[in-house]
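**Q** Following this message is one structure expressed as structure tokens.
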Amino acid sequence: MKSYSCLLHFYFFLLQRTNLVGTSNADFPSGDPGMYQLDVTLRRGQNLAARDRGGTSDPYVKFKLGGKEVFRSKTIHKNLNPVWEEKACILIDNPREPLYLKVFDYDFGLQDDFIGSAFLDLTSLELNKQTDVTLSLKDPRYPDHDLGSILLSVLLAPREEQREVVILNILICVITLNFGPSAAISR
């Protein structure tokens, strides 16, 4: 019974050691298989480029990861300084892949006009820390144009259940090595 008490202490030690508070993604090996959760609050746009004849735009934002759309905001009509305050929770399996934002002007019945785009480098974020980010919008066809900016609040964190599964697997290995395969299953 004393051995199981030691294992329980070891389990809590592992939980504390894998908290990852205050670490940078740059510390993770390139093959890190862990899952992450990116909590994004799309706050607002500032000085967005006008795409409508009246000198305004009807902007909305698409978030893409790995070429797939993972979130689309609502459209704010006739506004170059829109306030969204929309939240999204995005699962990340590769924190080295940037989040791509594309801003469009909605046009009823027509093709929407591109306003600009930006990348968010997830490896620049500190894990488990809420960060305010301002992204300047760019258009590769007109690199010198000021197209406005998008303000976000982001929080990147490891998925807790992923961490606990890894710790439990380590515990099963330790029990198996110390007491045999039947001990890991029966206890």
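Numbering starts fresh at 1 for the residues of each chain in the structure tokens, the chains themselves are lettered A, B, ... in the order given, and ligands are numbered from 1 as they appear.
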At a cut-off of 8 Å, using only C-alpha atoms, what residues contact Ser149 (chain A)? Leave out same-chain residues fewer than 2 positions from it and give the result as a PDB file with N, CA, C and O atoms, in the first residue's frame.
**A**
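See result15.pdb below for the written result:
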ATOM      1  N   GLY A  45     -12.140  46.596 -35.396  1.00  0.00           N
ATOM      2  CA  GLY A  45     -11.296  47.022 -36.499  1.00  0.00           C
ATOM      3  C   GLY A  45     -11.070  48.516 -36.383  1.00  0.00           C
ATOM      4  O   GLY A  45     -11.905  49.232 -35.814  1.00  0.00           O
ATOM      5  N   GLN A  46      -9.945  48.966 -36.890  1.00  0.00           N
ATOM      6  CA  GLN A  46      -9.639  50.397 -36.844  1.00  0.00           C
ATOM      7  C   GLN A  46      -9.208  50.881 -38.218  1.00  0.00           C
ATOM      8  O   GLN A  46      -8.338  50.269 -38.855  1.00  0.00           O
ATOM      9  N   ASN A  47      -9.855  51.954 -38.671  1.00  0.00           N
ATOM     10  CA  ASN A  47      -9.490  52.597 -39.926  1.00  0.00           C
ATOM     11  C   ASN A  47      -9.441  51.626 -41.101  1.00  0.00           C
ATOM     12  O   ASN A  47      -8.498  51.652 -41.894  1.00  0.00           O
ATOM     13  N   LEU A  48     -10.460  50.776 -41.203  1.00  0.00           N
ATOM     14  CA  LEU A  48     -10.500  49.819 -42.310  1.00  0.00           C
ATOM     15  C   LEU A  48     -10.688  50.553 -43.631  1.00  0.00           C
ATOM     16  O   LEU A  48     -11.302  51.632 -43.691  1.00  0.00           O
ATOM     17  N   THR A 134      -2.631  43.586 -31.943  1.00  0.00           N
ATOM     18  CA  THR A 134      -3.080  44.435 -33.038  1.00  0.00           C
ATOM     19  C   THR A 134      -2.393  43.951 -34.310  1.00  0.00           C
ATOM     20  O   THR A 134      -1.161  43.894 -34.371  1.00  0.00           O
ATOM     21  N   LEU A 135      -3.204  43.570 -35.296  1.00  0.00           N
ATOM     22  CA  LEU A 135      -2.677  43.073 -36.559  1.00  0.00           C
ATOM     23  C   LEU A 135      -2.956  44.082 -37.669  1.00  0.00           C
ATOM     24  O   LEU A 135      -4.110  44.458 -37.893  1.00  0.00           O
ATOM     25  N   SER A 136      -1.914  44.512 -38.355  1.00  0.00           N
ATOM     26  CA  SER A 136      -2.070  45.423 -39.493  1.00  0.00           C
ATOM     27  C   SER A 136      -2.472  44.620 -40.719  1.00  0.00           C
ATOM     28  O   SER A 136      -1.857  43.593 -41.026  1.00  0.00           O
ATOM     29  N   LEU A 137      -3.502  45.083 -41.391  1.00  0.00           N
ATOM     30  CA  LEU A 137      -3.988  44.395 -42.584  1.00  0.00           C
ATOM     31  C   LEU A 137      -3.117  44.743 -43.789  1.00  0.00           C
ATOM     32  O   LEU A 137      -2.697  45.889 -43.957  1.00  0.00           O
ATOM     33  N   LEU A 147      -4.459  49.595 -44.853  1.00  0.00           N
ATOM     34  CA  LEU A 147      -5.789  48.994 -44.956  1.00  0.00           C
ATOM     35  C   LEU A 147      -6.490  48.887 -43.610  1.00  0.00           C
ATOM     36  O   LEU A 147      -7.571  48.316 -43.522  1.00  0.00           O
ATOM     37  N   LEU A 151      -8.000  44.308 -33.929  1.00  0.00           N
ATOM     38  CA  LEU A 151      -7.576  44.117 -32.549  1.00  0.00           C
ATOM     39  C   LEU A 151      -8.219  42.861 -31.985  1.00  0.00           C
ATOM     40  O   LEU A 151      -9.445  42.681 -32.092  1.00  0.00           O
TER      41      LEU A 151
END
**Q** Between A:Val154, A:Lys78, A:Ala88, A:Leu110, which one has atoms that come closest to Arg53 (chain A), using only C-alpha atoms?
**A**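 Distance minimum relative to Arg53 (chain A) lands on A:Lys78.
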**Q** Just checking: using only C-alpha atoms, which residue out of A:Leu120, A:Ile150, A:Leu155, A:Val103 ends up closest to Ser57 (chain A)?
**A**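 Of the candidates, the smallest distance to Ser57 (chain A) is held by A:Val103.
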**Q** Considering only C-alpha atoms, state which residue in the set A:Asp132, A:Asp105, A:Asp58, A:Glu69 is at the smallest distance from Val40 (chain A).
**A** A:Asp132
**Q** With only C-alpha atoms as the atoms that count, which of A:Ile92, A:Leu42, A:Ala49, A:Leu122 lies nearest to Asn79 (chain A)?
**A** A:Ala49
**Q** Would you mind telling me which residue in A:Lys74, A:Arg159, A:Arg141, A:Arg96 lies nearest to Asp121 (chain A) when using only C-alpha atoms?
**A**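 Nearest to Asp121 (chain A): A:Arg96.
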**Q** Expressed in Å to a single decimal, how great is the separation between CA of Lys102 (chain A) and CA of Val61 (chain A)?
**A**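 Value for the CA of Lys102 (chain A)-CA of Val61 (chain A) distance: 5.7 Å.
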**Q** What is the distance between CA of Thr123 (chain A) and CA of Met35 (chain A), in Å to one decimal?
**A**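 Here the two named atoms are 13.9 Å from each other.
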**Q** Pick out each residue of region 108-145 of chain A that DSSP on the backbone tags as strand (DSSP E); I need them as a PyMOL selection string.
**A** chain A and resi 113-120+131-136
**Q** Only all heavy atoms, please: the residues just picked out, written as a short mmCIF file (atom, residue, chain, number, x, y, z; two decimals), in the first residue's frame.
**A**
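Output file selection_35.cif is given in full below:
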data_model
loop_
_atom_site.label_atom_id
_atom_site.label_comp_id
_atom_site.auth_asym_id
_atom_site.auth_seq_id
_atom_site.Cartn_x
_atom_site.Cartn_y
_atom_site.Cartn_z
N ASP A 113 -15.87 42.12 -51.37
CA ASP A 113 -14.58 42.77 -51.67
C ASP A 113 -13.58 42.46 -50.56
O ASP A 113 -13.88 42.56 -49.37
CB ASP A 113 -14.76 44.29 -51.76
CG ASP A 113 -15.71 44.70 -52.87
OD1 ASP A 113 -15.60 44.14 -53.97
OD2 ASP A 113 -16.56 45.57 -52.60
N PHE A 114 -12.37 42.12 -50.98
CA PHE A 114 -11.27 41.88 -50.06
C PHE A 114 -10.80 43.22 -49.49
O PHE A 114 -10.56 44.17 -50.24
CB PHE A 114 -10.13 41.17 -50.80
CG PHE A 114 -8.90 40.91 -49.99
CD1 PHE A 114 -8.89 39.95 -48.99
CD2 PHE A 114 -7.74 41.63 -50.22
CE1 PHE A 114 -7.76 39.69 -48.25
CE2 PHE A 114 -6.60 41.38 -49.48
CZ PHE A 114 -6.60 40.42 -48.50
N ILE A 115 -10.68 43.30 -48.16
CA ILE A 115 -10.14 44.51 -47.53
C ILE A 115 -8.67 44.31 -47.20
O ILE A 115 -7.83 45.15 -47.51
CB ILE A 115 -10.94 44.90 -46.26
CG1 ILE A 115 -12.37 45.30 -46.65
CG2 ILE A 115 -10.25 46.01 -45.50
CD1 ILE A 115 -13.28 45.64 -45.48
N GLY A 116 -8.33 43.20 -46.55
CA GLY A 116 -6.94 42.94 -46.20
C GLY A 116 -6.83 41.67 -45.38
O GLY A 116 -7.83 41.08 -44.97
N SER A 117 -5.60 41.26 -45.13
CA SER A 117 -5.36 40.03 -44.36
C SER A 117 -4.16 40.21 -43.44
O SER A 117 -3.36 41.13 -43.60
CB SER A 117 -5.14 38.84 -45.30
OG SER A 117 -3.97 39.04 -46.08
N ALA A 118 -4.05 39.29 -42.49
CA ALA A 118 -2.94 39.31 -41.54
C ALA A 118 -2.74 37.90 -40.99
O ALA A 118 -3.65 37.07 -41.03
CB ALA A 118 -3.23 40.28 -40.40
N PHE A 119 -1.55 37.66 -40.46
CA PHE A 119 -1.22 36.39 -39.82
C PHE A 119 -0.96 36.63 -38.35
O PHE A 119 -0.36 37.63 -37.97
CB PHE A 119 0.05 35.78 -40.43
CG PHE A 119 -0.14 35.21 -41.80
CD1 PHE A 119 0.16 35.98 -42.92
CD2 PHE A 119 -0.62 33.94 -41.99
CE1 PHE A 119 0.00 35.48 -44.19
CE2 PHE A 119 -0.80 33.42 -43.26
CZ PHE A 119 -0.49 34.20 -44.36
N LEU A 120 -1.39 35.67 -37.52
CA LEU A 120 -1.04 35.67 -36.10
C LEU A 120 -0.11 34.50 -35.86
O LEU A 120 -0.51 33.34 -36.01
CB LEU A 120 -2.29 35.54 -35.22
CG LEU A 120 -2.04 35.41 -33.72
CD1 LEU A 120 -1.30 36.63 -33.17
CD2 LEU A 120 -3.34 35.20 -32.97
N THR A 131 -3.44 37.86 -24.05
CA THR A 131 -2.62 38.84 -24.75
C THR A 131 -3.47 39.65 -25.72
O THR A 131 -4.25 39.08 -26.48
CB THR A 131 -1.49 38.12 -25.55
OG1 THR A 131 -0.77 37.27 -24.67
CG2 THR A 131 -0.55 39.11 -26.18
N ASP A 132 -3.31 40.97 -25.70
CA ASP A 132 -3.96 41.83 -26.68
C ASP A 132 -3.03 41.97 -27.87
O ASP A 132 -1.83 42.21 -27.70
CB ASP A 132 -4.26 43.21 -26.08
CG ASP A 132 -5.33 43.13 -25.00
OD1 ASP A 132 -6.20 42.24 -25.07
OD2 ASP A 132 -5.29 43.96 -24.08
N VAL A 133 -3.60 41.81 -29.06
CA VAL A 133 -2.81 41.82 -30.29
C VAL A 133 -3.45 42.77 -31.29
O VAL A 133 -4.67 42.76 -31.46
CB VAL A 133 -2.75 40.39 -30.90
CG1 VAL A 133 -1.96 40.39 -32.20
CG2 VAL A 133 -2.18 39.39 -29.92
N THR A 134 -2.63 43.59 -31.94
CA THR A 134 -3.08 44.43 -33.04
C THR A 134 -2.39 43.95 -34.31
O THR A 134 -1.16 43.89 -34.37
CB THR A 134 -2.72 45.92 -32.79
OG1 THR A 134 -3.35 46.33 -31.57
CG2 THR A 134 -3.21 46.79 -33.93
N LEU A 135 -3.20 43.57 -35.30
CA LEU A 135 -2.68 43.07 -36.56
C LEU A 135 -2.96 44.08 -37.67
O LEU A 135 -4.11 44.46 -37.89
CB LEU A 135 -3.32 41.72 -36.90
CG LEU A 135 -3.11 40.60 -35.89
CD1 LEU A 135 -3.93 39.38 -36.28
CD2 LEU A 135 -1.64 40.24 -35.79
N SER A 136 -1.91 44.51 -38.36
CA SER A 136 -2.07 45.42 -39.49
C SER A 136 -2.47 44.62 -40.72
O SER A 136 -1.86 43.59 -41.03
CB SER A 136 -0.75 46.15 -39.77
OG SER A 136 -0.43 46.98 -38.69
#
**Q** For the atom pair CA of Asn81 (chain A) and CA of Leu156 (chain A), what is the interatomic distance in Å to one decimal place?
**A** 26.3 Å
**Q** Which of these residues is nearest to Asp93 (chain A), using only C-alpha atoms: A:Pro59, A:Pro140, A:Arg51, A:Gly66?
**A**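 Nearest candidate to Asp93 (chain A) out of A:Pro59, A:Pro140, A:Arg51, A:Gly66: A:Gly66.
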